[in-house]
Structures are given as structure tokens and as C-alpha cells.
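What's in final.txt: compact mmCIF, C-alpha atoms and all ligand atoms
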```
# COMPACT_ATOMS: atom_id res chain seq x y z
CA MET A 1 13.53 10.59 1.46
CA GLN A 2 16.13 7.88 1.19
CA ILE A 3 15.63 4.12 1.00
CA THR A 4 18.53 1.70 1.29
CA TYR A 5 18.46 -2.06 1.50
CA ALA A 6 20.49 -5.22 1.57
CA THR A 7 19.39 -8.75 0.76
CA GLU A 8 21.63 -11.80 1.00
CA ALA A 9 21.02 -15.52 0.61
CA ALA A 10 21.88 -17.95 3.36
CA PRO A 11 25.44 -19.06 2.44
CA GLY A 12 25.28 -21.79 -0.20
CA TYR A 13 21.60 -21.32 -1.02
CA VAL A 14 19.48 -19.39 -3.52
CA ASN A 15 17.97 -16.22 -2.09
CA GLU A 16 14.20 -16.60 -1.62
CA ASP A 17 13.84 -13.09 -0.16
CA ARG A 18 12.99 -10.14 -2.36
CA ALA A 19 13.28 -6.41 -1.73
CA VAL A 20 11.91 -3.82 -4.15
CA CYS A 21 11.97 -0.06 -3.62
CA GLY A 22 10.53 2.94 -5.42
CA ASP A 23 9.85 6.60 -4.77
CA GLY A 24 8.65 6.58 -1.17
CA TRP A 25 7.74 2.90 -1.01
CA ALA A 26 9.34 -0.45 -0.37
CA VAL A 27 8.36 -4.11 -0.42
CA VAL A 28 9.92 -7.11 1.30
CA LEU A 29 8.97 -10.72 0.58
CA ASP A 30 10.27 -13.86 2.26
CA GLY A 31 9.39 -17.00 0.34
CA ALA A 32 8.75 -20.05 2.49
CA THR A 33 11.25 -22.78 1.73
CA ALA A 34 9.37 -25.86 0.56
CA PRO A 35 9.65 -28.80 2.99
CA ASP A 36 11.29 -31.89 1.54
CA GLY A 37 8.97 -34.50 0.10
CA VAL A 38 5.82 -32.36 0.12
CA GLU A 39 3.69 -32.38 -3.03
CA SER A 40 2.88 -28.70 -3.57
CA GLY A 41 0.72 -29.16 -6.66
CA CYS A 42 2.84 -26.43 -8.28
CA ILE A 43 5.48 -26.91 -10.97
CA HIS A 44 7.24 -23.71 -9.85
CA ASP A 45 9.69 -23.08 -7.07
CA VAL A 46 9.38 -20.39 -4.43
CA THR A 47 11.67 -18.01 -6.33
CA TRP A 48 9.13 -18.05 -9.16
CA LEU A 49 6.43 -17.07 -6.68
CA VAL A 50 8.36 -14.21 -5.04
CA ASN A 51 9.49 -12.92 -8.44
CA HIS A 52 5.91 -12.80 -9.71
CA LEU A 53 4.57 -11.25 -6.52
CA ALA A 54 7.35 -8.63 -6.46
CA ALA A 55 6.78 -7.73 -10.11
CA ALA A 56 2.99 -7.50 -9.70
CA ILE A 57 3.21 -5.42 -6.51
CA THR A 58 5.67 -3.10 -8.23
CA ARG A 59 3.35 -2.66 -11.21
CA CYS A 60 0.44 -1.87 -8.89
CA MET A 61 2.48 0.56 -6.79
CA LEU A 62 3.49 2.44 -9.93
CA THR A 63 0.15 2.43 -11.74
CA THR A 64 -3.00 1.83 -9.71
CA GLY A 65 -2.58 3.85 -6.51
CA ASP A 66 -4.66 1.26 -4.61
CA ASP A 67 -4.35 0.94 -0.87
CA LEU A 68 -1.72 -1.57 0.24
CA ALA A 69 -4.14 -4.43 0.90
CA GLY A 70 -5.77 -3.90 -2.49
CA THR A 71 -2.33 -3.80 -4.10
CA LEU A 72 -1.28 -7.09 -2.53
CA ALA A 73 -4.63 -8.72 -3.32
CA LEU A 74 -4.24 -7.75 -6.98
CA ALA A 75 -0.67 -9.05 -7.02
CA ILE A 76 -1.73 -12.39 -5.55
CA ALA A 77 -4.58 -12.63 -8.07
CA GLU A 78 -2.21 -11.85 -10.97
CA THR A 79 0.23 -14.46 -9.71
CA CYS A 80 -2.58 -17.02 -9.50
CA THR A 81 -3.50 -16.29 -13.10
CA ALA A 82 0.10 -16.87 -14.16
CA HIS A 83 0.01 -20.51 -13.04
CA ALA A 84 -3.67 -21.49 -12.83
CA ALA A 85 -3.39 -23.45 -16.07
CA THR A 86 -0.45 -25.56 -14.94
CA CYS A 87 -0.79 -25.93 -11.18
CA ASP A 88 -3.28 -26.97 -8.50
CA LEU A 89 -3.98 -23.71 -6.70
CA ALA A 90 -6.22 -25.45 -4.16
CA ASN A 91 -3.25 -27.38 -2.76
CA PRO A 92 -2.55 -26.04 0.77
CA ASP A 93 1.19 -26.60 0.22
CA SER A 94 1.34 -24.31 -2.81
CA PRO A 95 4.42 -22.01 -2.55
CA SER A 96 3.88 -19.03 -0.25
CA SER A 97 5.57 -15.89 0.97
CA THR A 98 5.37 -13.25 3.66
CA ALA A 99 4.75 -9.70 2.48
CA ALA A 100 5.62 -6.37 4.05
CA ILE A 101 4.89 -3.10 2.26
CA ILE A 102 5.41 0.51 3.32
CA ARG A 103 4.47 3.69 1.49
CA ALA A 104 5.15 7.22 2.69
CA HIS A 105 2.96 10.16 1.92
CA GLY A 106 4.20 13.30 3.59
CA SER A 107 5.05 12.44 7.17
CA GLU A 108 2.61 9.53 7.29
CA LEU A 109 3.54 5.94 6.57
CA ASP A 110 1.08 3.31 5.38
CA TYR A 111 2.15 -0.21 6.29
CA LEU A 112 1.06 -3.76 5.58
CA VAL A 113 2.52 -6.80 7.33
CA LEU A 114 1.52 -10.34 6.36
CA GLY A 115 3.53 -13.06 8.06
CA ASP A 116 6.89 -12.99 9.73
CA SER A 117 8.50 -9.93 8.11
CA PRO A 118 8.12 -7.07 10.59
CA VAL A 119 7.96 -3.35 9.91
CA VAL A 120 9.47 -1.16 12.62
CA VAL A 121 8.54 2.53 12.67
CA ARG A 122 10.26 5.35 14.50
CA THR A 123 7.72 7.96 15.46
CA PRO A 124 8.49 11.65 15.01
CA GLY A 125 8.98 11.76 18.79
CA GLY A 126 11.77 9.16 18.58
CA ASP A 127 10.10 5.99 19.85
CA LEU A 128 10.32 2.71 17.94
CA ARG A 129 7.18 0.67 17.30
CA ALA A 130 7.38 -2.86 15.90
CA ILE A 131 4.47 -3.98 13.74
CA SER A 132 4.38 -7.73 13.33
CA ASP A 133 2.05 -10.55 12.39
CA ASP A 134 2.74 -13.46 14.73
CA ARG A 135 -0.36 -15.56 14.10
CA LEU A 136 1.76 -18.49 12.91
CA SER A 137 3.39 -18.53 16.35
CA HIS A 138 0.04 -18.87 18.11
CA LEU A 139 -1.84 -21.59 16.28
CA PRO A 140 -4.42 -23.44 18.38
CA GLY A 141 -3.27 -26.83 19.59
CA GLY A 142 0.19 -25.91 20.83
CA ARG A 143 3.62 -26.97 19.67
CA PRO A 144 5.09 -28.87 18.07
CA TYR A 145 2.76 -28.19 15.17
CA SER A 146 1.93 -31.16 13.02
CA ARG A 147 2.19 -30.74 9.28
CA GLU A 148 -1.57 -31.39 9.06
CA LEU A 149 -2.37 -28.67 11.60
CA VAL A 150 -0.39 -26.08 9.65
CA ARG A 151 -1.96 -27.15 6.35
CA SER A 152 -5.48 -26.97 7.79
CA LEU A 153 -4.99 -23.48 9.26
CA ARG A 154 -3.15 -21.82 6.37
CA ASN A 155 -5.22 -18.98 4.93
CA GLN A 156 -8.15 -19.88 7.16
CA PRO A 157 -10.02 -17.75 9.72
CA GLY A 158 -8.49 -18.36 13.14
CA GLY A 159 -5.28 -19.62 11.54
CA PHE A 160 -2.55 -17.69 9.73
CA TRP A 161 -2.37 -15.97 6.38
CA VAL A 162 0.31 -15.94 3.69
CA ALA A 163 0.69 -14.59 0.17
CA SER A 164 0.06 -17.65 -1.97
CA THR A 165 -3.10 -18.52 -3.88
CA ASP A 166 -5.84 -16.59 -2.04
CA PRO A 167 -6.13 -12.80 -2.55
CA GLU A 168 -8.24 -12.63 0.62
CA ALA A 169 -4.99 -13.05 2.58
CA ALA A 170 -4.11 -9.44 1.70
CA TYR A 171 -7.17 -8.19 3.58
CA GLN A 172 -6.21 -10.27 6.61
CA ALA A 173 -2.81 -8.54 6.89
CA VAL A 174 -1.91 -6.15 9.69
CA THR A 175 -2.37 -2.68 8.16
CA GLY A 176 -2.42 0.92 9.31
CA SER A 177 -1.02 4.39 8.92
CA VAL A 178 1.24 6.24 11.37
CA PRO A 179 3.32 9.43 11.51
CA PHE A 180 6.95 8.43 11.05
CA ALA A 181 10.52 9.67 11.15
CA GLU A 182 12.12 6.52 9.72
CA ALA A 183 11.13 2.91 9.18
CA GLY A 184 12.78 -0.46 8.81
CA MET A 185 11.59 -3.72 7.25
CA PHE A 186 13.16 -7.09 7.90
CA THR A 187 12.86 -10.72 7.01
CA ASP A 188 13.24 -13.15 9.89
CA GLY A 189 16.82 -13.83 8.78
CA VAL A 190 17.57 -10.36 10.22
CA SER A 191 14.89 -10.00 12.90
CA ARG A 192 16.52 -13.03 14.55
CA LEU A 193 18.86 -10.40 16.01
CA VAL A 194 15.91 -9.44 18.23
CA GLU A 195 14.10 -12.78 18.47
CA ILE A 196 17.14 -15.01 19.06
CA TYR A 197 20.14 -12.85 19.88
CA GLY A 198 18.58 -10.47 22.38
CA TYR A 199 19.10 -7.23 20.52
CA ASP A 200 16.56 -4.46 20.77
CA TRP A 201 15.28 -2.49 17.83
CA GLU A 202 17.19 0.59 18.94
CA GLN A 203 20.44 -1.35 18.47
CA VAL A 204 19.28 -2.60 15.07
CA PHE A 205 18.56 0.94 13.93
CA ALA A 206 21.86 2.15 15.36
CA VAL A 207 23.76 -0.24 13.08
CA MET A 208 21.65 0.57 10.02
CA GLY A 209 21.73 4.31 10.65
CA ALA A 210 25.48 4.41 11.07
CA SER A 211 26.63 1.85 8.50
CA GLY A 212 23.63 0.77 6.42
CA PRO A 213 21.55 -2.39 6.01
CA ALA A 214 24.44 -4.42 4.55
CA GLU A 215 26.42 -3.96 7.76
CA LEU A 216 23.38 -5.18 9.70
CA VAL A 217 23.39 -8.39 7.64
CA SER A 218 27.12 -8.74 8.33
CA VAL A 219 26.42 -8.49 12.07
CA VAL A 220 23.86 -11.32 11.72
CA ARG A 221 26.31 -13.53 9.83
CA SER A 222 29.12 -13.03 12.31
CA LEU A 223 26.82 -13.85 15.24
CA GLU A 224 25.58 -16.98 13.46
CA MET A 225 29.19 -18.13 13.07
CA SER A 226 30.27 -17.38 16.64
CA ASP A 227 27.02 -18.36 18.40
CA PRO A 228 24.83 -20.57 16.14
CA PRO A 229 21.12 -20.52 17.01
CA GLY A 230 20.07 -23.54 19.04
CA LEU A 231 16.93 -24.20 17.05
CA GLY A 232 16.12 -23.84 13.37
CA LYS A 233 18.41 -22.92 10.50
CA LYS A 234 21.97 -21.76 11.22
CA HIS A 235 21.64 -19.19 8.45
CA ASP A 236 18.59 -17.80 6.70
CA ASP A 237 18.12 -15.43 3.79
CA ALA A 238 18.52 -11.99 5.31
CA THR A 239 16.95 -8.75 4.13
CA ALA A 240 16.83 -5.31 5.74
CA VAL A 241 15.38 -2.05 4.39
CA LEU A 242 15.81 1.41 5.91
CA MET A 243 13.62 4.35 4.91
CA THR A 244 14.60 7.73 6.30
CA GLY A 245 13.36 11.25 5.73
CA GLY A 246 10.06 11.36 7.58
CA ARG A 247 9.21 13.93 10.21
CA VAL A 248 11.28 14.50 13.35
CA GLU A 249 9.80 16.46 16.26
CA PRO A 250 11.84 19.57 17.13
CA VAL A 251 11.43 18.60 20.80
CA ALA A 252 13.50 15.50 20.13
CA GLY A 253 16.45 17.75 19.36
CA GLY A 254 15.70 18.05 15.67
CA ARG A 255 17.61 14.94 14.73
CA LEU A 256 17.48 11.25 15.34
CA ARG A 257 19.55 9.77 18.10
CA ARG A 258 22.68 8.20 16.67
CA PRO A 259 25.41 6.73 18.82
CA ALA A 260 28.93 7.82 17.97
CA ASN A 261 29.98 4.19 17.74
CA TRP A 262 27.34 1.52 17.21
CA ARG A 263 29.86 -1.25 17.90
CA THR A 264 29.99 -0.03 21.48
CA LEU A 265 26.20 0.00 21.68
CA ILE A 266 25.86 -3.63 20.55
CA GLY A 267 28.95 -4.84 22.39
CA MET A 268 31.02 -5.85 19.35
ZN ZN B 301 2.82 -23.07 -10.08
```

Once more with this new file: its structure as C-alpha cells, please.
Amino acid sequence: MQITYATEAAPGYVNEDRAVCGDGWAVVLDGATAPDGVESGCIHDVTWLVNHLAAAITRCMLTTGDDLAGTLALAIAETCTAHAATCDLANPDSPSSTAAIIRAHGSELDYLVLGDSPVVVRTPGGDLRAISDDRLSHLPGGRPYSRELVRSLRNQPGGFWVASTDPEAAYQAVTGSVPFAEAGMFTDGVSRLVEIYGYDWEQVFAVMGASGPAELVSVVRSLEMSDPPGLGKKHDDATAVLMTGGRVEPVAGGRLRRPANWRTLIGM
């Protein structure tokens, strides 16, 4: 089993993504940048939150052996404890983060996806399956979302869930277990390749498989310079993780498909 990753701040900003890897497991967090002028009730910034969540998830992964939802719930609870005395944890604008966790056992992969940090799994037969949590994209009421709408539906049934101040969010994540050959995890600073730039996941894996996650981030940055996205941030923190070493079906040729030259495949 091999896990490689890259994480890079948006140019000129502090990185609010986190990636942590261990023996057969990996975690990706994408802290939500606080909107200007919003009173969060918290004296900490989002980097404090993602650091505490990452540390607590890591401790749980190494010591408790809980399932992934239980692990994240415990990490959120521990993080709450770390600032309950100084901050208003009932404030719906308290700092928050996405969370994606994968853990391999044999040829099976457990996954957890909470918020906009997808996990993409290649099955032993060679197909790619994206696992995402897009509830924030489908809030009732339609766009543009008002600030009040988002506040009222955060960590609420029928709304969307984030890692912040309610451990229940962990149990509302998208979870499951699948046979796998390899898996990727991405923050939306990288998955914009698919969502904005029209790439497919096969192309994303072609770049990572041939040249690694750091090259994938470089592809994102060069596209952002040559063809800035029409909406949203020009650059975002960008994180990609690649886990290889699962099971590959002999009928698929015994090895994963890799193009000889990924630049040809993605037209660069
Ligand atoms: Zn706080």
C-alpha cells in the first residue's frame, strides 16, 4: 500500500486544508473560510479548528479502532471540549470544515465523506466511482442562498452537515465500504478540475498515477492562470491524496490502465 499527497494554499493565503496519512488510512479536511464581518462566537480561526480535528482524528485512528463515523464524532467532541470554555459553540457561524476519511482493510475500503471533499474509488474491475456529499448544493429555497438560509440549515435535518460543534454531523456523513484497487481524495480546490474545467476522474487519476498529486495541483494552478473560473475564487487551497495497492482483477489485465503520456490525455 502506498499513500501520497499534496496540499497547497491558494497563492498568498494560509492553507486551511489539512491532509493526514497513516498505515492504510488518510484524512482530508477543508476548513470553511470565514465570511467577512460575521460574528462566529469563536476566538479561534479556521486553522485552529482543522488542526484540532486532524489531531483528534489521528489519535482515534491510531488508538480506538472505532468506525469512521464514530472516529469523526469523537474528534468533533474533543474539539468542542478544547474551546467550550472560551467560545459560543451554539453560534451557527462557528468555524467548520469538511471531512473525508478512508481506511483500507485488505481489499476493502471504508470511506466517510462529509461536505464538499469527494472520495473517488477505483474498483478492482477498473471503474471509477465518485462518492460525494452535495447537500449544500441542494438546499431548499433555491439560489442565491441567503446568509440566513445557510445558517438555519447548517447541521440540521434536511439541510447540510459540517464538522464544527455537533458530533451528530459525523453520523450524517456519507459512509460505506467497497472493494477497491486505488482511491483518491480531494478538496474542492482540486475537484474543480471536474466541476469547473470539464475533466473526468479518469484524467485526474491519469495525472496522479503518472506524476503524483503535486503535479495534479500544478495542473489546477496553470488552468486557473490561463482560464480563471467565472464564478467564485480564482484560486483555492488544493489538496489531493492517492492511495494505491488495493486489489486489481486479473481480468482487467492485472494492472491499472495508465496512459503513456497523461499530457496527451488531458490535452496539455
Ligand atoms: Zn473557539

Original post:
Given the choices A:Gln156, A:Thr86, A:Thr244, A:Ser211, which gets closest to ligand ZN 301 (chain B) if the distance is worked out from only C-alpha atoms and all ligand atoms?
Top reply: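 Using only C-alpha atoms and all ligand atoms, ligand ZN 301 (chain B) sits closest to A:Thr86.
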
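Proximal residues of ligand ZN 301 (chain B) are Cys42, Ile43, His44, His83, Thr86 and Cys87 of chain A, by a cut-off of 7 Å on only C-alpha atoms and all ligand atoms.
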
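Rounded to one decimal, atom CA of A:Asp88 and atom CA of A:Ser40 lie 8.1 Å from each other.
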
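Counting only C-alpha atoms and comparing A:Leu128, A:Gly209, A:His235, A:Val121, the residue that lies closest to A:Tyr5 is A:Gly209.
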
Residue list as a PDB file with C-alpha atoms, keeping the file's coordinate frame for point (5.7, 9.2, 12.5), cut-off 8 Å, all atoms listed in the file:
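For reference, selection.pdb as written:
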```pdb
ATOM      1  CA  SER A 107       5.050  12.440   7.170  1.00  0.00           C
ATOM      2  CA  GLU A 108       2.610   9.530   7.290  1.00  0.00           C
ATOM      3  CA  LEU A 109       3.540   5.940   6.570  1.00  0.00           C
ATOM      4  CA  VAL A 121       8.540   2.530  12.670  1.00  0.00           C
ATOM      5  CA  ARG A 122      10.260   5.350  14.500  1.00  0.00           C
ATOM      6  CA  THR A 123       7.720   7.960  15.460  1.00  0.00           C
ATOM      7  CA  PRO A 124       8.490  11.650  15.010  1.00  0.00           C
ATOM      8  CA  GLY A 125       8.980  11.760  18.790  1.00  0.00           C
ATOM      9  CA  VAL A 178       1.240   6.240  11.370  1.00  0.00           C
ATOM     10  CA  PRO A 179       3.320   9.430  11.510  1.00  0.00           C
ATOM     11  CA  PHE A 180       6.950   8.430  11.050  1.00  0.00           C
ATOM     12  CA  ALA A 181      10.520   9.670  11.150  1.00  0.00           C
ATOM     13  CA  GLU A 182      12.120   6.520   9.720  1.00  0.00           C
ATOM     14  CA  GLY A 246      10.060  11.360   7.580  1.00  0.00           C
ATOM     15  CA  ARG A 247       9.210  13.930  10.210  1.00  0.00           C
ATOM     16  CA  VAL A 248      11.280  14.500  13.350  1.00  0.00           C
TER      17      VAL A 248
END
```

Name all residues at most 12 Å from A:Gly230 (count all atoms listed in the file; drop same-chain ones fewer than 4 positions away) and give them as a tab-separated table (two decimals) with C-alpha atoms, in the coordinates of the input.
```
chain	number	residue	atom	x	y	z
A	192	ARG	CA	16.52	-13.03	14.55
A	196	ILE	CA	17.14	-15.01	19.06
A	197	TYR	CA	20.14	-12.85	19.88
A	224	GLU	CA	25.58	-16.98	13.46
A	234	LYS	CA	21.97	-21.76	11.22
A	235	HIS	CA	21.64	-19.19	8.45
```

Original post:
In Å to one decimal, how far is atom CA of A:Asp188 from atom CA of A:Arg143?
Top reply: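 Here the two named atoms are 19.5 Å from each other.
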
**OP:** In Å, rounded to a single decimal, give me how far atom CA of A:Val174 is from atom CA of A:Ala77.
**Re:**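 Spanning atom CA of A:Ala77 to atom CA of A:Val174 is a straight-line distance of 19.1 Å.
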
**OP:** Could you give me, as a PyMOL selection string, the residues that sit within 10 Å of (16.2, -7.9, 5.0) in the file's coordinates, counting all atoms listed in the file?
**Re:** chain A and resi 5-8+17-19+28-30+117-118+184-191+213-214+216-217+237-242

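Nearest to A:Gly115 of all the residues A:Met208, A:Leu153, A:Val27, A:Ala163 is A:Ala163, based on all atoms listed in the file.
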
Original post:
Restricting the calculation to all atoms listed in the file, which member of A:Val120, A:Arg221, A:Pro140, A:Gly212 is positioned closest to A:Ile3?
Top reply: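 Among the listed residues, A:Gly212 lies closest to A:Ile3.
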
**OP:** Using only C-alpha atoms, determine which residues lie at most 7 Å from A:Thr165, disregarding the query and same-chain residues fewer than 5 positions distant; provide the list as a list of chain:residue names.
**Re:** A:Ile76, A:Cys80, A:Leu89

Would you save the residues of that selection, restricted to C-alpha atoms, as a CSV table (one decimal), in the coordinates of the input?
```
chain,number,residue,atom,x,y,z
A,76,ILE,CA,-1.7,-12.4,-5.6
A,80,CYS,CA,-2.6,-17.0,-9.5
A,89,LEU,CA,-4.0,-23.7,-6.7
```
